[in-house]
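All remarks here apply to the structure that follows.
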Amino acid sequence: MTLSELKYIVALAQQRHFGRAAEHCNVSQPTLSVAIKKLESELGISLFERSKNAVNITPLGEKIVRQAQVVLEGVRGVQDLAAGGKDQLKGPLKMGAIFTIGPYLYPHLIPQIQKLAPEMPLYIEEDYTKNLRKKLRDGELDIIIIALPFTEPDVLCKALYEESFEVLLPQQHPWLKHKTIDPNLLPNSDLMLLGDGHCFRDQVLELCPALAKHQNSRLGAVTQGSSLETLRHMVASGMGITVLPKSATGTAHYAPGLLETRPFKRPTPSRTVAIAWRASFPRPKVIDLISEAVDKCQLF
């Protein structure tokens with residue numbers, strides 16, 4: 001049994017396709033297939049069920065793959081410890097962020113990180129919270145940037161900044177006469193939110209209690225957007241209004257007056273953006289550096 005073989009079965013379990021798994025591991029498909037067959041022969045069991053059109057993992061195979069992930073994570077930990085002993089701010093950093101944070105934070109954060117740690121190249125990813133959670137747990141990512149609350153066994157979190165929510169309005173909207181917006185008005189408006197699966201949608205519903213109370217209102221037929229960018233474009237086109245985190249309002253991207261924002265009445269709904277990392281992550285100076293870089297961004 002070799003580490004390469006363990007890497008191959010983990011990749012095949014994730015990809016469910018020999019070609020994609022081989023590409024993920026940077027080896028040829030025959031090399032990966034032969035290695036997995038060899039490991040199955042050594043163990044005396046079948047880890048995968050193979051058919052012409054599908055690859056499925058067996059119940060026992062699932063348990064072995066989970067243990068293989070633990071072993072590979074331990075190996076990465078040894079490698080990170082060795083590298084960290086030299087310089088924790090040298091070597092690649094694998095960083096992920098949720099869709100509603102990454103596009104608005106990365107353009108400011110990455111240049112600051114490069115200034116503070118020029119020998120730490122970044123692998124950048126954006127995804128849903130649930131997927132980032134798994135990749136962090138499996139060691140595919142070193143740190144993730146998410147919105148609180150976020151809980152995961154053996155994972156630590158540190159708040160980076162607080163970001164208020166604002167109402168985005170098209171030109172000539174009647175609410176523009178208000179200096180602040182009462183959340184109780186939202187359920188009976190042409191409100192557009194992200195679709196199910198986006199944590200920001202849930203945060204808006206939770207932090208604006210009036211929305212959750214009006215389940216039989218127009219919220220039931222609310223128009224859904226696939227991204228915050230899409231929602232912003234839809235507001236600009238006059239389809240309705242939306243609620244966005246302050247960093248994503250992007251009114252400067254349009255002609256003057258086409259889009260305007262209004263804050264909510266106090267207490268203002270907001271979200272806490274945080275960094276999360278495995279408790280075993282051996283480069284604590286990286287966490288301090290990310291916090292420092294965010295502070296230097298001066299986002300608000």
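Here's how to read the names in the structure tokens: chain A, B, ... by the order shown, residue numbers from 1 in each chain, ligand numbers from 1 in the order shown.
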
Exercise: segment 140-151 of chain A partners within 10 Å, only C-alpha atoms, chain neighbours under 2 positions left out, as a ChimeraX atom specification: /A:73,92-102,105,123-129,132-138,153-163,199-200,203,271-278,281-283,286-287,290

Spatial neighbours of segment 11-26 of chain A, 12 Å, only C-alpha atoms, chain gap at least 3 places, as a count of residues only: 39

From a backbone DSSP assignment, name each residue in segment 70-155 of chain A labelled alpha helix (DSSP H), as an mmCIF file with N, CA and C atoms, in the first residue's frame.
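Result file follows (out18.cif):
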data_model
loop_
_atom_site.group_PDB
_atom_site.id
_atom_site.type_symbol
_atom_site.label_atom_id
_atom_site.label_comp_id
_atom_site.auth_asym_id
_atom_site.auth_seq_id
_atom_site.Cartn_x
_atom_site.Cartn_y
_atom_site.Cartn_z
ATOM 1 N N VAL A 70 -7.835 10.659 6.042
ATOM 2 C CA VAL A 70 -7.185 10.981 7.310
ATOM 3 C C VAL A 70 -5.672 10.800 7.186
ATOM 4 N N VAL A 71 -5.252 9.712 6.535
ATOM 5 C CA VAL A 71 -3.824 9.438 6.367
ATOM 6 C C VAL A 71 -3.170 10.516 5.511
ATOM 7 N N LEU A 72 -3.813 10.873 4.402
ATOM 8 C CA LEU A 72 -3.252 11.878 3.502
ATOM 9 C C LEU A 72 -3.181 13.248 4.175
ATOM 10 N N GLU A 73 -4.201 13.548 4.993
ATOM 11 C CA GLU A 73 -4.169 14.806 5.737
ATOM 12 C C GLU A 73 -3.006 14.811 6.723
ATOM 13 N N GLY A 74 -2.749 13.666 7.350
ATOM 14 C CA GLY A 74 -1.612 13.578 8.259
ATOM 15 C C GLY A 74 -0.287 13.801 7.543
ATOM 16 N N VAL A 75 -0.181 13.260 6.339
ATOM 17 C CA VAL A 75 1.041 13.460 5.549
ATOM 18 C C VAL A 75 1.207 14.927 5.185
ATOM 19 N N ARG A 76 0.098 15.550 4.772
ATOM 20 C CA ARG A 76 0.167 16.980 4.460
ATOM 21 C C ARG A 76 0.564 17.780 5.697
ATOM 22 N N GLY A 77 0.077 17.335 6.856
ATOM 23 C CA GLY A 77 0.437 18.017 8.093
ATOM 24 C C GLY A 77 1.938 17.943 8.358
ATOM 25 N N VAL A 78 2.532 16.773 8.094
ATOM 26 C CA VAL A 78 3.975 16.620 8.270
ATOM 27 C C VAL A 78 4.715 17.545 7.313
ATOM 28 N N GLN A 79 4.249 17.586 6.057
ATOM 29 C CA GLN A 79 4.890 18.449 5.063
ATOM 30 C C GLN A 79 4.760 19.923 5.452
ATOM 31 N N ASP A 80 3.560 20.291 5.920
ATOM 32 C CA ASP A 80 3.345 21.685 6.318
ATOM 33 C C ASP A 80 4.192 22.062 7.526
ATOM 34 N N LEU A 81 4.320 21.095 8.465
ATOM 35 C CA LEU A 81 5.151 21.369 9.639
ATOM 36 C C LEU A 81 6.599 21.618 9.231
ATOM 37 N N ALA A 82 7.080 20.810 8.299
ATOM 38 C CA ALA A 82 8.458 20.975 7.841
ATOM 39 C C ALA A 82 8.629 22.318 7.154
ATOM 40 N N ALA A 83 7.666 22.654 6.280
ATOM 41 C CA ALA A 83 7.746 23.939 5.579
ATOM 42 C C ALA A 83 7.574 25.097 6.547
ATOM 43 N N GLY A 84 6.644 24.932 7.508
ATOM 44 C CA GLY A 84 6.383 25.990 8.478
ATOM 45 C C GLY A 84 7.567 26.246 9.383
ATOM 46 N N GLY A 85 8.334 25.185 9.642
ATOM 47 C CA GLY A 85 9.513 25.370 10.464
ATOM 48 C C GLY A 85 10.542 26.257 9.804
ATOM 49 N N LYS A 86 10.489 26.306 8.489
ATOM 50 C CA LYS A 86 11.409 27.168 7.748
ATOM 51 C C LYS A 86 10.838 28.589 7.687
ATOM 52 N N GLY A 102 -16.203 36.327 -1.997
ATOM 53 C CA GLY A 102 -15.014 36.262 -2.823
ATOM 54 C C GLY A 102 -14.868 37.369 -3.867
ATOM 55 N N PRO A 103 -15.876 37.573 -4.731
ATOM 56 C CA PRO A 103 -15.703 38.563 -5.806
ATOM 57 C C PRO A 103 -15.511 39.991 -5.309
ATOM 58 N N TYR A 104 -15.921 40.268 -4.087
ATOM 59 C CA TYR A 104 -15.871 41.634 -3.561
ATOM 60 C C TYR A 104 -14.700 41.843 -2.601
ATOM 61 N N LEU A 105 -14.191 40.740 -2.031
ATOM 62 C CA LEU A 105 -13.053 40.826 -1.127
ATOM 63 C C LEU A 105 -11.731 40.562 -1.844
ATOM 64 N N TYR A 106 -11.689 39.560 -2.712
ATOM 65 C CA TYR A 106 -10.443 39.158 -3.352
ATOM 66 C C TYR A 106 -9.708 40.302 -4.060
ATOM 67 N N PRO A 107 -10.398 41.155 -4.829
ATOM 68 C CA PRO A 107 -9.652 42.219 -5.532
ATOM 69 C C PRO A 107 -8.886 43.144 -4.601
ATOM 70 N N HIS A 108 -9.365 43.293 -3.361
ATOM 71 C CA HIS A 108 -8.679 44.132 -2.373
ATOM 72 C C HIS A 108 -7.669 43.314 -1.558
ATOM 73 N N LEU A 109 -8.052 42.073 -1.244
ATOM 74 C CA LEU A 109 -7.249 41.260 -0.333
ATOM 75 C C LEU A 109 -5.984 40.713 -0.988
ATOM 76 N N ILE A 110 -6.099 40.220 -2.206
ATOM 77 C CA ILE A 110 -4.959 39.561 -2.851
ATOM 78 C C ILE A 110 -3.746 40.494 -2.975
ATOM 79 N N PRO A 111 -3.911 41.745 -3.434
ATOM 80 C CA PRO A 111 -2.734 42.630 -3.498
ATOM 81 C C PRO A 111 -2.083 42.863 -2.139
ATOM 82 N N GLN A 112 -2.910 42.936 -1.091
ATOM 83 C CA GLN A 112 -2.350 43.141 0.250
ATOM 84 C C GLN A 112 -1.558 41.918 0.705
ATOM 85 N N ILE A 113 -2.083 40.730 0.410
ATOM 86 C CA ILE A 113 -1.365 39.502 0.774
ATOM 87 C C ILE A 113 -0.042 39.425 0.025
ATOM 88 N N GLN A 114 -0.067 39.797 -1.246
ATOM 89 C CA GLN A 114 1.170 39.754 -2.039
ATOM 90 C C GLN A 114 2.225 40.706 -1.495
ATOM 91 N N LYS A 115 1.787 41.839 -0.963
ATOM 92 C CA LYS A 115 2.738 42.786 -0.376
ATOM 93 C C LYS A 115 3.335 42.225 0.916
ATOM 94 N N LEU A 116 2.482 41.594 1.724
ATOM 95 C CA LEU A 116 2.928 41.113 3.035
ATOM 96 C C LEU A 116 3.669 39.783 2.949
ATOM 97 N N THR A 129 -20.981 27.451 0.906
ATOM 98 C CA THR A 129 -20.445 27.147 2.229
ATOM 99 C C THR A 129 -20.313 25.646 2.453
ATOM 100 N N LYS A 130 -21.334 24.889 2.079
ATOM 101 C CA LYS A 130 -21.307 23.439 2.338
ATOM 102 C C LYS A 130 -20.153 22.759 1.611
ATOM 103 N N ASN A 131 -19.820 23.224 0.408
ATOM 104 C CA ASN A 131 -18.716 22.620 -0.334
ATOM 105 C C ASN A 131 -17.365 23.049 0.221
ATOM 106 N N LEU A 132 -17.257 24.321 0.609
ATOM 107 C CA LEU A 132 -16.016 24.795 1.217
ATOM 108 C C LEU A 132 -15.763 24.078 2.542
ATOM 109 N N ARG A 133 -16.823 23.843 3.287
ATOM 110 C CA ARG A 133 -16.715 23.124 4.564
ATOM 111 C C ARG A 133 -16.061 21.755 4.349
ATOM 112 N N LYS A 134 -16.544 21.031 3.341
ATOM 113 C CA LYS A 134 -16.014 19.688 3.066
ATOM 114 C C LYS A 134 -14.562 19.764 2.595
ATOM 115 N N LYS A 135 -14.263 20.734 1.728
ATOM 116 C CA LYS A 135 -12.896 20.837 1.217
ATOM 117 C C LYS A 135 -11.915 21.232 2.316
ATOM 118 N N LEU A 136 -12.369 22.047 3.249
ATOM 119 C CA LEU A 136 -11.516 22.383 4.387
ATOM 120 C C LEU A 136 -11.290 21.153 5.250
ATOM 121 N N ARG A 137 -12.346 20.433 5.522
ATOM 122 C CA ARG A 137 -12.245 19.238 6.361
ATOM 123 C C ARG A 137 -11.348 18.172 5.712
#

Write out as a PyMOL selection string the residues lying within 9 Å of segment 260-262 of chain A, counting only C-alpha atoms and excluding same-chain residues fewer than 6 positions away. chain A and resi 166-171+175-176+178-181+249+251

Running DSSP on the backbone, which parts of segment 10-144 of chain A land in strand (DSSP E or B), as a PyMOL selection string? chain A and resi 48-50+55-57+93-98+122-127+143-144

Put those residues in a file: N, CA and C atoms, as an mmCIF file, in the first residue's frame.
data_model
loop_
_atom_site.group_PDB
_atom_site.id
_atom_site.type_symbol
_atom_site.label_atom_id
_atom_site.label_comp_id
_atom_site.auth_asym_id
_atom_site.auth_seq_id
_atom_site.Cartn_x
_atom_site.Cartn_y
_atom_site.Cartn_z
ATOM 1 N N PHE A 48 -14.617 -0.378 -5.423
ATOM 2 C CA PHE A 48 -15.518 0.283 -6.363
ATOM 3 C C PHE A 48 -16.268 -0.745 -7.199
ATOM 4 N N GLU A 49 -17.504 -0.399 -7.543
ATOM 5 C CA GLU A 49 -18.294 -1.167 -8.505
ATOM 6 C C GLU A 49 -18.175 -0.475 -9.857
ATOM 7 N N ARG A 50 -17.696 -1.201 -10.838
ATOM 8 C CA ARG A 50 -17.447 -0.620 -12.149
ATOM 9 C C ARG A 50 -18.470 -1.120 -13.146
ATOM 10 N N VAL A 55 -19.103 4.593 -12.082
ATOM 11 C CA VAL A 55 -18.217 4.060 -11.052
ATOM 12 C C VAL A 55 -18.851 4.397 -9.710
ATOM 13 N N ASN A 56 -19.171 3.374 -8.934
ATOM 14 C CA ASN A 56 -19.786 3.576 -7.620
ATOM 15 C C ASN A 56 -18.906 2.965 -6.547
ATOM 16 N N ILE A 57 -18.834 3.636 -5.415
ATOM 17 C CA ILE A 57 -18.010 3.141 -4.316
ATOM 18 C C ILE A 57 -18.824 2.182 -3.456
ATOM 19 N N LEU A 93 -0.710 28.772 -0.568
ATOM 20 C CA LEU A 93 -1.832 28.789 0.365
ATOM 21 C C LEU A 93 -3.101 28.560 -0.432
ATOM 22 N N LYS A 94 -3.875 27.574 -0.012
ATOM 23 C CA LYS A 94 -5.134 27.251 -0.699
ATOM 24 C C LYS A 94 -6.287 27.906 0.057
ATOM 25 N N MET A 95 -6.893 28.899 -0.561
ATOM 26 C CA MET A 95 -7.895 29.725 0.107
ATOM 27 C C MET A 95 -9.213 29.695 -0.667
ATOM 28 N N GLY A 96 -10.307 29.502 0.051
ATOM 29 C CA GLY A 96 -11.627 29.531 -0.557
ATOM 30 C C GLY A 96 -12.502 30.579 0.099
ATOM 31 N N ALA A 97 -13.505 31.036 -0.625
ATOM 32 C CA ALA A 97 -14.466 32.007 -0.090
ATOM 33 C C ALA A 97 -15.825 31.730 -0.697
ATOM 34 N N ILE A 98 -16.878 32.061 0.032
ATOM 35 C CA ILE A 98 -18.220 31.862 -0.510
ATOM 36 C C ILE A 98 -18.487 32.858 -1.640
ATOM 37 N N LEU A 122 -1.015 32.081 -4.092
ATOM 38 C CA LEU A 122 -2.363 31.753 -3.643
ATOM 39 C C LEU A 122 -3.095 30.888 -4.660
ATOM 40 N N TYR A 123 -3.724 29.832 -4.150
ATOM 41 C CA TYR A 123 -4.701 29.066 -4.923
ATOM 42 C C TYR A 123 -6.064 29.554 -4.461
ATOM 43 N N ILE A 124 -6.846 30.115 -5.371
ATOM 44 C CA ILE A 124 -8.098 30.786 -5.015
ATOM 45 C C ILE A 124 -9.300 29.994 -5.520
ATOM 46 N N GLU A 125 -10.327 29.937 -4.689
ATOM 47 C CA GLU A 125 -11.538 29.213 -5.065
ATOM 48 C C GLU A 125 -12.762 29.914 -4.491
ATOM 49 N N GLU A 126 -13.890 29.803 -5.191
ATOM 50 C CA GLU A 126 -15.189 30.280 -4.697
ATOM 51 C C GLU A 126 -16.183 29.141 -4.770
ATOM 52 N N ASP A 127 -17.043 29.031 -3.760
ATOM 53 C CA ASP A 127 -18.007 27.927 -3.752
ATOM 54 C C ASP A 127 -19.062 28.208 -2.684
ATOM 55 N N ILE A 143 -7.605 27.421 4.245
ATOM 56 C CA ILE A 143 -8.471 28.357 4.965
ATOM 57 C C ILE A 143 -9.678 28.668 4.094
ATOM 58 N N ILE A 144 -10.765 29.047 4.724
ATOM 59 C CA ILE A 144 -11.937 29.498 3.978
ATOM 60 C C ILE A 144 -12.480 30.763 4.627
#
